[in-house]
Every structure is written in C-alpha cells, then in structure tokens.
file input-v5.pdb (PDB, N, CA and C atoms, pLDDT in the B column)
ATOM      1  N   MET Q 741      81.122 115.083 106.559  1.00 80.00           N
ATOM      2  CA  MET Q 741      81.261 113.678 106.247  1.00 80.00           C
ATOM      3  C   MET Q 741      79.959 113.203 105.624  1.00 80.00           C
ATOM      4  N   LEU Q 742      80.102 112.388 104.596  1.00 85.00           N
ATOM      5  CA  LEU Q 742      78.948 111.810 103.927  1.00 85.00           C
ATOM      6  C   LEU Q 742      78.933 110.304 104.170  1.00 85.00           C
ATOM      7  N   GLY Q 743      77.770 109.717 104.104  1.00 87.00           N
ATOM      8  CA  GLY Q 743      77.647 108.279 104.263  1.00 87.00           C
ATOM      9  C   GLY Q 743      76.933 107.680 103.066  1.00 87.00           C
ATOM     10  N   MET Q 744      77.195 106.406 102.831  1.00 87.00           N
ATOM     11  CA  MET Q 744      76.543 105.686 101.733  1.00 87.00           C
ATOM     12  C   MET Q 744      76.182 104.294 102.222  1.00 87.00           C
ATOM     13  N   LEU Q 745      75.039 103.830 101.801  1.00 93.00           N
ATOM     14  CA  LEU Q 745      74.662 102.447 102.060  1.00 93.00           C
ATOM     15  C   LEU Q 745      74.808 101.685 100.746  1.00 93.00           C
ATOM     16  N   LEU Q 746      75.591 100.624 100.778  1.00 90.00           N
ATOM     17  CA  LEU Q 746      75.818  99.819  99.591  1.00 90.00           C
ATOM     18  C   LEU Q 746      75.469  98.369  99.894  1.00 90.00           C
ATOM     19  N   ASN Q 747      74.852  97.708  98.931  1.00 94.00           N
ATOM     20  CA  ASN Q 747      74.634  96.284  99.118  1.00 94.00           C
ATOM     21  C   ASN Q 747      75.930  95.550  98.771  1.00 94.00           C
ATOM     22  N   GLU Q 748      75.960  94.241  98.935  1.00 93.00           N
ATOM     23  CA  GLU Q 748      77.185  93.458  98.736  1.00 93.00           C
ATOM     24  C   GLU Q 748      77.722  93.591  97.308  1.00 93.00           C
ATOM     25  N   LYS Q 749      76.855  93.534  96.332  1.00 96.00           N
ATOM     26  CA  LYS Q 749      77.268  93.641  94.931  1.00 96.00           C
ATOM     27  C   LYS Q 749      77.868  95.021  94.650  1.00 96.00           C
ATOM     28  N   GLU Q 750      77.232  96.064  95.153  1.00 95.00           N
ATOM     29  CA  GLU Q 750      77.733  97.422  94.958  1.00 95.00           C
ATOM     30  C   GLU Q 750      79.073  97.615  95.663  1.00 95.00           C
ATOM     31  N   CYS Q 751      79.219  97.001  96.809  1.00 92.00           N
ATOM     32  CA  CYS Q 751      80.471  97.092  97.559  1.00 92.00           C
ATOM     33  C   CYS Q 751      81.618  96.454  96.765  1.00 92.00           C
ATOM     34  N   LYS Q 752      81.362  95.306  96.178  1.00 92.00           N
ATOM     35  CA  LYS Q 752      82.372  94.636  95.360  1.00 92.00           C
ATOM     36  C   LYS Q 752      82.717  95.469  94.137  1.00 92.00           C
ATOM     37  N   GLU Q 753      81.715  96.056  93.530  1.00 95.00           N
ATOM     38  CA  GLU Q 753      81.947  96.892  92.353  1.00 95.00           C
ATOM     39  C   GLU Q 753      82.764  98.129  92.709  1.00 95.00           C
ATOM     40  N   MET Q 754      82.458  98.747  93.838  1.00 93.00           N
ATOM     41  CA  MET Q 754      83.210  99.921  94.286  1.00 93.00           C
ATOM     42  C   MET Q 754      84.674  99.547  94.539  1.00 93.00           C
ATOM     43  N   ALA Q 755      84.903  98.415  95.184  1.00 94.00           N
ATOM     44  CA  ALA Q 755      86.271  97.960  95.447  1.00 94.00           C
ATOM     45  C   ALA Q 755      87.000  97.720  94.126  1.00 94.00           C
ATOM     46  N   TYR Q 756      86.323  97.138  93.149  1.00 95.00           N
ATOM     47  CA  TYR Q 756      86.921  96.890  91.842  1.00 95.00           C
ATOM     48  C   TYR Q 756      87.328  98.211  91.169  1.00 95.00           C
ATOM     49  N   VAL Q 757      86.446  99.173  91.166  1.00 96.00           N
ATOM     50  CA  VAL Q 757      86.719 100.468  90.539  1.00 96.00           C
ATOM     51  C   VAL Q 757      87.905 101.147  91.234  1.00 96.00           C
ATOM     52  N   LEU Q 758      87.929 101.108  92.552  1.00 96.00           N
ATOM     53  CA  LEU Q 758      89.031 101.728  93.284  1.00 96.00           C
ATOM     54  C   LEU Q 758      90.352 101.015  93.003  1.00 96.00           C
ATOM     55  N   ARG Q 759      90.320  99.682  92.936  1.00 96.00           N
ATOM     56  CA  ARG Q 759      91.529  98.909  92.617  1.00 96.00           C
ATOM     57  C   ARG Q 759      92.080  99.283  91.243  1.00 96.00           C
ATOM     58  N   LYS Q 760      91.204  99.376  90.276  1.00 97.00           N
ATOM     59  CA  LYS Q 760      91.646  99.730  88.922  1.00 97.00           C
ATOM     60  C   LYS Q 760      92.235 101.137  88.884  1.00 97.00           C
ATOM     61  N   GLU Q 761      91.649 102.046  89.627  1.00 97.00           N
ATOM     62  CA  GLU Q 761      92.167 103.413  89.674  1.00 97.00           C
ATOM     63  C   GLU Q 761      93.543 103.443  90.347  1.00 97.00           C
ATOM     64  N   LEU Q 762      93.708 102.678  91.419  1.00 96.00           N
ATOM     65  CA  LEU Q 762      95.010 102.603  92.091  1.00 96.00           C
ATOM     66  C   LEU Q 762      96.062 102.021  91.155  1.00 96.00           C
ATOM     67  N   ASP Q 763      95.704 100.968  90.421  1.00 96.00           N
ATOM     68  CA  ASP Q 763      96.636 100.368  89.463  1.00 96.00           C
ATOM     69  C   ASP Q 763      97.096 101.395  88.424  1.00 96.00           C
ATOM     70  N   GLU Q 764      96.152 102.145  87.920  1.00 96.00           N
ATOM     71  CA  GLU Q 764      96.479 103.136  86.894  1.00 96.00           C
ATOM     72  C   GLU Q 764      97.378 104.242  87.454  1.00 96.00           C
ATOM     73  N   MET Q 765      97.098 104.680  88.660  1.00 95.00           N
ATOM     74  CA  MET Q 765      97.928 105.725  89.261  1.00 95.00           C
ATOM     75  C   MET Q 765      99.328 105.215  89.574  1.00 95.00           C
ATOM     76  N   LEU Q 766      99.456 103.964  90.014  1.00 93.00           N
ATOM     77  CA  LEU Q 766     100.788 103.393  90.247  1.00 93.00           C
ATOM     78  C   LEU Q 766     101.572 103.345  88.943  1.00 93.00           C
ATOM     79  N   PHE Q 767     100.909 102.981  87.878  1.00 93.00           N
ATOM     80  CA  PHE Q 767     101.557 102.973  86.566  1.00 93.00           C
ATOM     81  C   PHE Q 767     102.024 104.378  86.197  1.00 93.00           C
ATOM     82  N   ASP Q 768     101.162 105.368  86.370  1.00 94.00           N
ATOM     83  CA  ASP Q 768     101.516 106.751  86.045  1.00 94.00           C
ATOM     84  C   ASP Q 768     102.662 107.249  86.918  1.00 94.00           C
ATOM     85  N   LEU Q 769     102.653 106.895  88.194  1.00 91.00           N
ATOM     86  CA  LEU Q 769     103.721 107.345  89.092  1.00 91.00           C
ATOM     87  C   LEU Q 769     105.067 106.716  88.743  1.00 91.00           C
ATOM     88  N   SER Q 770     105.053 105.586  88.088  1.00 90.00           N
ATOM     89  CA  SER Q 770     106.316 104.954  87.689  1.00 90.00           C
ATOM     90  C   SER Q 770     106.878 105.558  86.406  1.00 90.00           C
ATOM     91  N   ASP Q 771     106.106 106.392  85.734  1.00 90.00           N
ATOM     92  CA  ASP Q 771     106.536 107.027  84.486  1.00 90.00           C
ATOM     93  C   ASP Q 771     107.395 108.252  84.810  1.00 90.00           C
ATOM     94  N   GLN Q 772     108.681 108.129  84.567  1.00 90.00           N
ATOM     95  CA  GLN Q 772     109.618 109.204  84.903  1.00 90.00           C
ATOM     96  C   GLN Q 772     109.498 110.415  83.974  1.00 90.00           C
ATOM     97  N   ARG Q 773     108.760 110.282  82.893  1.00 93.00           N
ATOM     98  CA  ARG Q 773     108.604 111.406  81.969  1.00 93.00           C
ATOM     99  C   ARG Q 773     107.665 112.484  82.501  1.00 93.00           C
ATOM    100  N   LEU Q 774     106.836 112.146  83.475  1.00 92.00           N
ATOM    101  CA  LEU Q 774     105.895 113.125  84.022  1.00 92.00           C
ATOM    102  C   LEU Q 774     106.634 114.129  84.896  1.00 92.00           C
ATOM    103  N   ASN Q 775     106.232 115.375  84.801  1.00 93.00           N
ATOM    104  CA  ASN Q 775     106.930 116.388  85.597  1.00 93.00           C
ATOM    105  C   ASN Q 775     106.518 116.327  87.065  1.00 93.00           C
ATOM    106  N   HIS Q 776     107.251 117.025  87.872  1.00 90.00           N
ATOM    107  CA  HIS Q 776     107.095 116.975  89.331  1.00 90.00           C
ATOM    108  C   HIS Q 776     105.686 117.359  89.781  1.00 90.00           C
ATOM    109  N   ASP Q 777     105.128 118.413  89.207  1.00 94.00           N
ATOM    110  CA  ASP Q 777     103.800 118.879  89.625  1.00 94.00           C
ATOM    111  C   ASP Q 777     102.716 117.840  89.342  1.00 94.00           C
ATOM    112  N   ILE Q 778     102.806 117.197  88.201  1.00 94.00           N
ATOM    113  CA  ILE Q 778     101.824 116.163  87.852  1.00 94.00           C
ATOM    114  C   ILE Q 778     101.963 114.974  88.788  1.00 94.00           C
ATOM    115  N   ARG Q 779     103.205 114.565  89.058  1.00 93.00           N
ATOM    116  CA  ARG Q 779     103.441 113.439  89.963  1.00 93.00           C
ATOM    117  C   ARG Q 779     102.933 113.757  91.366  1.00 93.00           C
ATOM    118  N   GLN Q 780     103.080 114.994  91.801  1.00 92.00           N
ATOM    119  CA  GLN Q 780     102.559 115.403  93.115  1.00 92.00           C
ATOM    120  C   GLN Q 780     101.043 115.308  93.155  1.00 92.00           C
ATOM    121  N   ALA Q 781     100.388 115.758  92.097  1.00 95.00           N
ATOM    122  CA  ALA Q 781      98.927 115.711  92.030  1.00 95.00           C
ATOM    123  C   ALA Q 781      98.439 114.262  92.038  1.00 95.00           C
ATOM    124  N   ILE Q 782      99.109 113.396  91.285  1.00 95.00           N
ATOM    125  CA  ILE Q 782      98.731 111.983  91.263  1.00 95.00           C
ATOM    126  C   ILE Q 782      98.957 111.359  92.635  1.00 95.00           C
ATOM    127  N   ASP Q 783     100.071 111.701  93.278  1.00 93.00           N
ATOM    128  CA  ASP Q 783     100.378 111.170  94.602  1.00 93.00           C
ATOM    129  C   ASP Q 783      99.312 111.577  95.622  1.00 93.00           C
ATOM    130  N   LYS Q 784      98.881 112.810  95.569  1.00 95.00           N
ATOM    131  CA  LYS Q 784      97.842 113.288  96.487  1.00 95.00           C
ATOM    132  C   LYS Q 784      96.529 112.539  96.257  1.00 95.00           C
ATOM    133  N   ARG Q 785      96.184 112.362  94.996  1.00 96.00           N
ATOM    134  CA  ARG Q 785      94.959 111.630  94.661  1.00 96.00           C
ATOM    135  C   ARG Q 785      95.080 110.158  95.044  1.00 96.00           C
ATOM    136  N   TYR Q 786      96.268 109.590  94.874  1.00 95.00           N
ATOM    137  CA  TYR Q 786      96.503 108.195  95.238  1.00 95.00           C
ATOM    138  C   TYR Q 786      96.211 107.980  96.723  1.00 95.00           C
ATOM    139  N   LYS Q 787      96.681 108.891  97.545  1.00 94.00           N
ATOM    140  CA  LYS Q 787      96.461 108.767  98.990  1.00 94.00           C
ATOM    141  C   LYS Q 787      94.973 108.782  99.324  1.00 94.00           C
ATOM    142  N   THR Q 788      94.216 109.642  98.657  1.00 95.00           N
ATOM    143  CA  THR Q 788      92.772 109.718  98.892  1.00 95.00           C
ATOM    144  C   THR Q 788      92.079 108.430  98.464  1.00 95.00           C
ATOM    145  N   ILE Q 789      92.386 107.951  97.257  1.00 96.00           N
ATOM    146  CA  ILE Q 789      91.764 106.728  96.748  1.00 96.00           C
ATOM    147  C   ILE Q 789      92.174 105.522  97.594  1.00 96.00           C
ATOM    148  N   PHE Q 790      93.433 105.480  98.016  1.00 95.00           N
ATOM    149  CA  PHE Q 790      93.910 104.384  98.864  1.00 95.00           C
ATOM    150  C   PHE Q 790      93.131 104.346 100.177  1.00 95.00           C
ATOM    151  N   ASN Q 791      92.904 105.498 100.778  1.00 93.00           N
ATOM    152  CA  ASN Q 791      92.139 105.553 102.032  1.00 93.00           C
ATOM    153  C   ASN Q 791      90.690 105.101 101.817  1.00 93.00           C
ATOM    154  N   MET Q 792      90.120 105.423 100.672  1.00 93.00           N
ATOM    155  CA  MET Q 792      88.773 104.940 100.358  1.00 93.00           C
ATOM    156  C   MET Q 792      88.783 103.423 100.201  1.00 93.00           C
ATOM    157  N   TYR Q 793      89.762 102.906  99.475  1.00 94.00           N
ATOM    158  CA  TYR Q 793      89.855 101.466  99.242  1.00 94.00           C
ATOM    159  C   TYR Q 793      90.078 100.710 100.556  1.00 94.00           C
ATOM    160  N   ALA Q 794      90.783 101.321 101.476  1.00 93.00           N
ATOM    161  CA  ALA Q 794      91.066 100.679 102.765  1.00 93.00           C
ATOM    162  C   ALA Q 794      89.783 100.372 103.538  1.00 93.00           C
ATOM    163  N   ARG Q 795      88.719 101.069 103.247  1.00 90.00           N
ATOM    164  CA  ARG Q 795      87.438 100.817 103.922  1.00 90.00           C
ATOM    165  C   ARG Q 795      86.739  99.567 103.385  1.00 90.00           C
ATOM    166  N   PHE Q 796      87.128  99.136 102.178  1.00 84.00           N
ATOM    167  CA  PHE Q 796      86.497  97.983 101.535  1.00 84.00           C
ATOM    168  C   PHE Q 796      87.361  96.731 101.596  1.00 84.00           C
ATOM    169  N   ALA Q 797      88.658  96.910 101.503  1.00 89.00           N
ATOM    170  CA  ALA Q 797      89.558  95.790 101.252  1.00 89.00           C
ATOM    171  C   ALA Q 797      90.035  95.103 102.523  1.00 89.00           C
ATOM    172  N   PRO Q 798      90.220  93.775 102.426  1.00 88.00           N
ATOM    173  CA  PRO Q 798      90.873  93.068 103.528  1.00 88.00           C
ATOM    174  C   PRO Q 798      92.363  93.448 103.565  1.00 88.00           C
ATOM    175  N   GLN Q 799      93.001  93.266 104.710  1.00 89.00           N
ATOM    176  CA  GLN Q 799      94.395  93.668 104.880  1.00 89.00           C
ATOM    177  C   GLN Q 799      95.321  93.042 103.836  1.00 89.00           C
ATOM    178  N   LYS Q 800      95.114  91.768 103.532  1.00 90.00           N
ATOM    179  CA  LYS Q 800      95.967  91.085 102.560  1.00 90.00           C
ATOM    180  C   LYS Q 800      95.884  91.751 101.190  1.00 90.00           C
ATOM    181  N   GLU Q 801      94.690  92.122 100.787  1.00 89.00           N
ATOM    182  CA  GLU Q 801      94.484  92.785  99.497  1.00 89.00           C
ATOM    183  C   GLU Q 801      95.025  94.213  99.530  1.00 89.00           C
ATOM    184  N   LEU Q 802      94.860  94.879 100.645  1.00 90.00           N
ATOM    185  CA  LEU Q 802      95.313  96.260 100.789  1.00 90.00           C
ATOM    186  C   LEU Q 802      96.829  96.362 100.706  1.00 90.00           C
ATOM    187  N   ALA Q 803      97.520  95.347 101.180  1.00 89.00           N
ATOM    188  CA  ALA Q 803      98.983  95.353 101.181  1.00 89.00           C
ATOM    189  C   ALA Q 803      99.557  95.471  99.771  1.00 89.00           C
ATOM    190  N   LYS Q 804      98.814  95.037  98.776  1.00 90.00           N
ATOM    191  CA  LYS Q 804      99.280  95.114  97.388  1.00 90.00           C
ATOM    192  C   LYS Q 804      99.427  96.558  96.912  1.00 90.00           C
ATOM    193  N   TYR Q 805      98.723  97.462  97.551  1.00 91.00           N
ATOM    194  CA  TYR Q 805      98.700  98.851  97.095  1.00 91.00           C
ATOM    195  C   TYR Q 805      99.455  99.814  98.004  1.00 91.00           C
ATOM    196  N   VAL Q 806     100.139  99.284  98.993  1.00 89.00           N
ATOM    197  CA  VAL Q 806     100.971 100.138  99.839  1.00 89.00           C
ATOM    198  C   VAL Q 806     102.152 100.581  98.991  1.00 89.00           C
ATOM    199  N   ARG Q 807     102.445 101.865  99.004  1.00 83.00           N
ATOM    200  CA  ARG Q 807     103.540 102.403  98.186  1.00 83.00           C
ATOM    201  C   ARG Q 807     104.862 101.847  98.671  1.00 83.00           C
ATOM    202  N   SER Q 808     105.748 101.525  97.753  1.00 66.00           N
ATOM    203  CA  SER Q 808     107.055 100.968  98.093  1.00 66.00           C
ATOM    204  C   SER Q 808     108.142 101.799  97.425  1.00 66.00           C
ATOM    205  N   ALA Q 809     109.380 101.370  97.621  1.00 50.00           N
ATOM    206  CA  ALA Q 809     110.509 102.079  97.000  1.00 50.00           C
ATOM    207  C   ALA Q 809     110.429 101.996  95.476  1.00 50.00           C
ATOM    208  N   ARG Q 810     109.748 100.953  94.985  1.00 49.00           N
ATOM    209  CA  ARG Q 810     109.591 100.807  93.538  1.00 49.00           C
ATOM    210  C   ARG Q 810     108.813 101.984  92.957  1.00 49.00           C
ATOM    211  N   TYR Q 811     107.902 102.529  93.733  1.00 45.00           N
ATOM    212  CA  TYR Q 811     107.111 103.681  93.321  1.00 45.00           C
ATOM    213  C   TYR Q 811     107.349 104.798  94.332  1.00 45.00           C
ATOM    214  N   PRO Q 812     108.462 105.499  94.227  1.00 52.00           N
ATOM    215  CA  PRO Q 812     108.756 106.534  95.222  1.00 52.00           C
ATOM    216  C   PRO Q 812     107.686 107.615  95.238  1.00 52.00           C
ATOM    217  N   GLN Q 813     107.427 108.106  96.433  1.00 53.00           N
ATOM    218  CA  GLN Q 813     106.425 109.152  96.575  1.00 53.00           C
ATOM    219  C   GLN Q 813     106.972 110.473  96.051  1.00 53.00           C
ATOM    220  N   ALA Q 814     106.071 111.273  95.521  1.00 50.00           N
ATOM    221  CA  ALA Q 814     106.458 112.603  95.059  1.00 50.00           C
ATOM    222  C   ALA Q 814     106.833 113.436  96.268  1.00 50.00           C
ATOM    223  N   GLU Q 815     107.823 114.288  96.090  1.00 48.00           N
ATOM    224  CA  GLU Q 815     108.254 115.143  97.194  1.00 48.00           C
ATOM    225  C   GLU Q 815     107.215 116.221  97.436  1.00 48.00           C
ATOM    226  N   ASN Q 816     107.062 116.613  98.703  1.00 41.00           N
ATOM    227  CA  ASN Q 816     106.104 117.668  99.054  1.00 41.00           C
ATOM    228  C   ASN Q 816     106.676 119.034  98.903  1.00 41.00           C
TER     229      ASN Q 816
END
call {"tool": "encode", "arguments": {"input": "input-v5.pdb", "output": "structure tokens"}}
result
Amino acid sequence: MLGMLLNEKECKEMAYVLRKELDEMLFDLSDQRLNHDIRQAIDKRYKTIFNMYARFAPQKELAKYVRSARYPQAEN
C-alpha cells in the first residue's frame, strides 16, 4: 500500500481527473461496437478508478458514478 499527502487544491484536482476518467469510461462502456474483451478491460479499470474516487468524493457525488442498468457491467 502506498500513501500520498495532498493539499486541498491537489485533492480537488485529483477528484476532477478521476471524475473525467469515469465519465469517459462510462461513455466507452455504453458503446456496443466494442468487443467483449475490451469492455471487460474497461470495466475492470472502472472499478479501480471508482474505488479511488470514492476516497475523495462525498456520497452524493459518488452516487452519480454507481453503475446502473443503463451501463451494464461486462460479464466475467
């Protein structure tokens, strides 16, 4: 496990970067043209980034990125 010390400005910037990455991955996961293997890789990465974002975001903000039926998860 690694640790990082971030000031308030850096914390906000990190949350912003993670939010943008989550948005992009949700967009990619909604693209039915992508094959199964790519969707699985994106889904795995989404879970990692989501867990990182959960350390920064308030619950209300985090709820926006919880996967729903609109963005079905890739099968394992």
call {"tool": "atom_distance", "arguments": {"input": "input-v5.pdb", "atom1": "atom CA of Q:Phe796", "atom2": "atom CA of Q:Ala755"}}
result
6.1 Å
call {"tool": "select_by_dssp", "arguments": {"input": "input-v5.pdb", "residues": "chain Q", "states": "alpha helix (DSSP H)", "output": "ChimeraX atom specification"}}
result
/Q:748-769,776-794,799-802
call {"tool": "residues_around", "arguments": {"input": "input-v5.pdb", "residues": "stretch 789-794 of chain Q", "least_positions_apart": "5", "cutoff": "6.5 Å", "atoms": "all atoms listed in the file", "output": "list in words"}}
result
Ala755, Leu758, Lys784 and Leu802 of chain Q
call {"tool": "residues_near_point", "arguments": {"input": "input-v5.pdb", "point": "(95.4, 102.1, 89.7)", "cutoff": "12 Å", "atoms": "only C-alpha atoms", "output": "ChimeraX atom specification"}}
result
/Q:755-770,782-783,785-787,789-790,793,804-807
call {"tool": "atom_distance", "arguments": {"input": "input-v5.pdb", "atom1": "atom CA of Q:Gln772", "atom2": "atom CA of Q:Lys800"}}
result
28.7 Å
call {"tool": "atom_distance", "arguments": {"input": "input-v5.pdb", "atom1": "atom N of Q:Cys751", "atom2": "atom C of Q:Pro798"}}
result
15.2 Å
call {"tool": "axis_aligned_box", "arguments": {"input": "input-v5.pdb", "around": "stretch 797-809 of chain Q", "padding_each_side": "6 Å", "output": "lines of an AutoDock Vina configuration file"}}
result
center_x = 99.6
center_y = 96.7
center_z = 100.2
size_x = 33.9
size_y = 23.3
size_z = 21.4
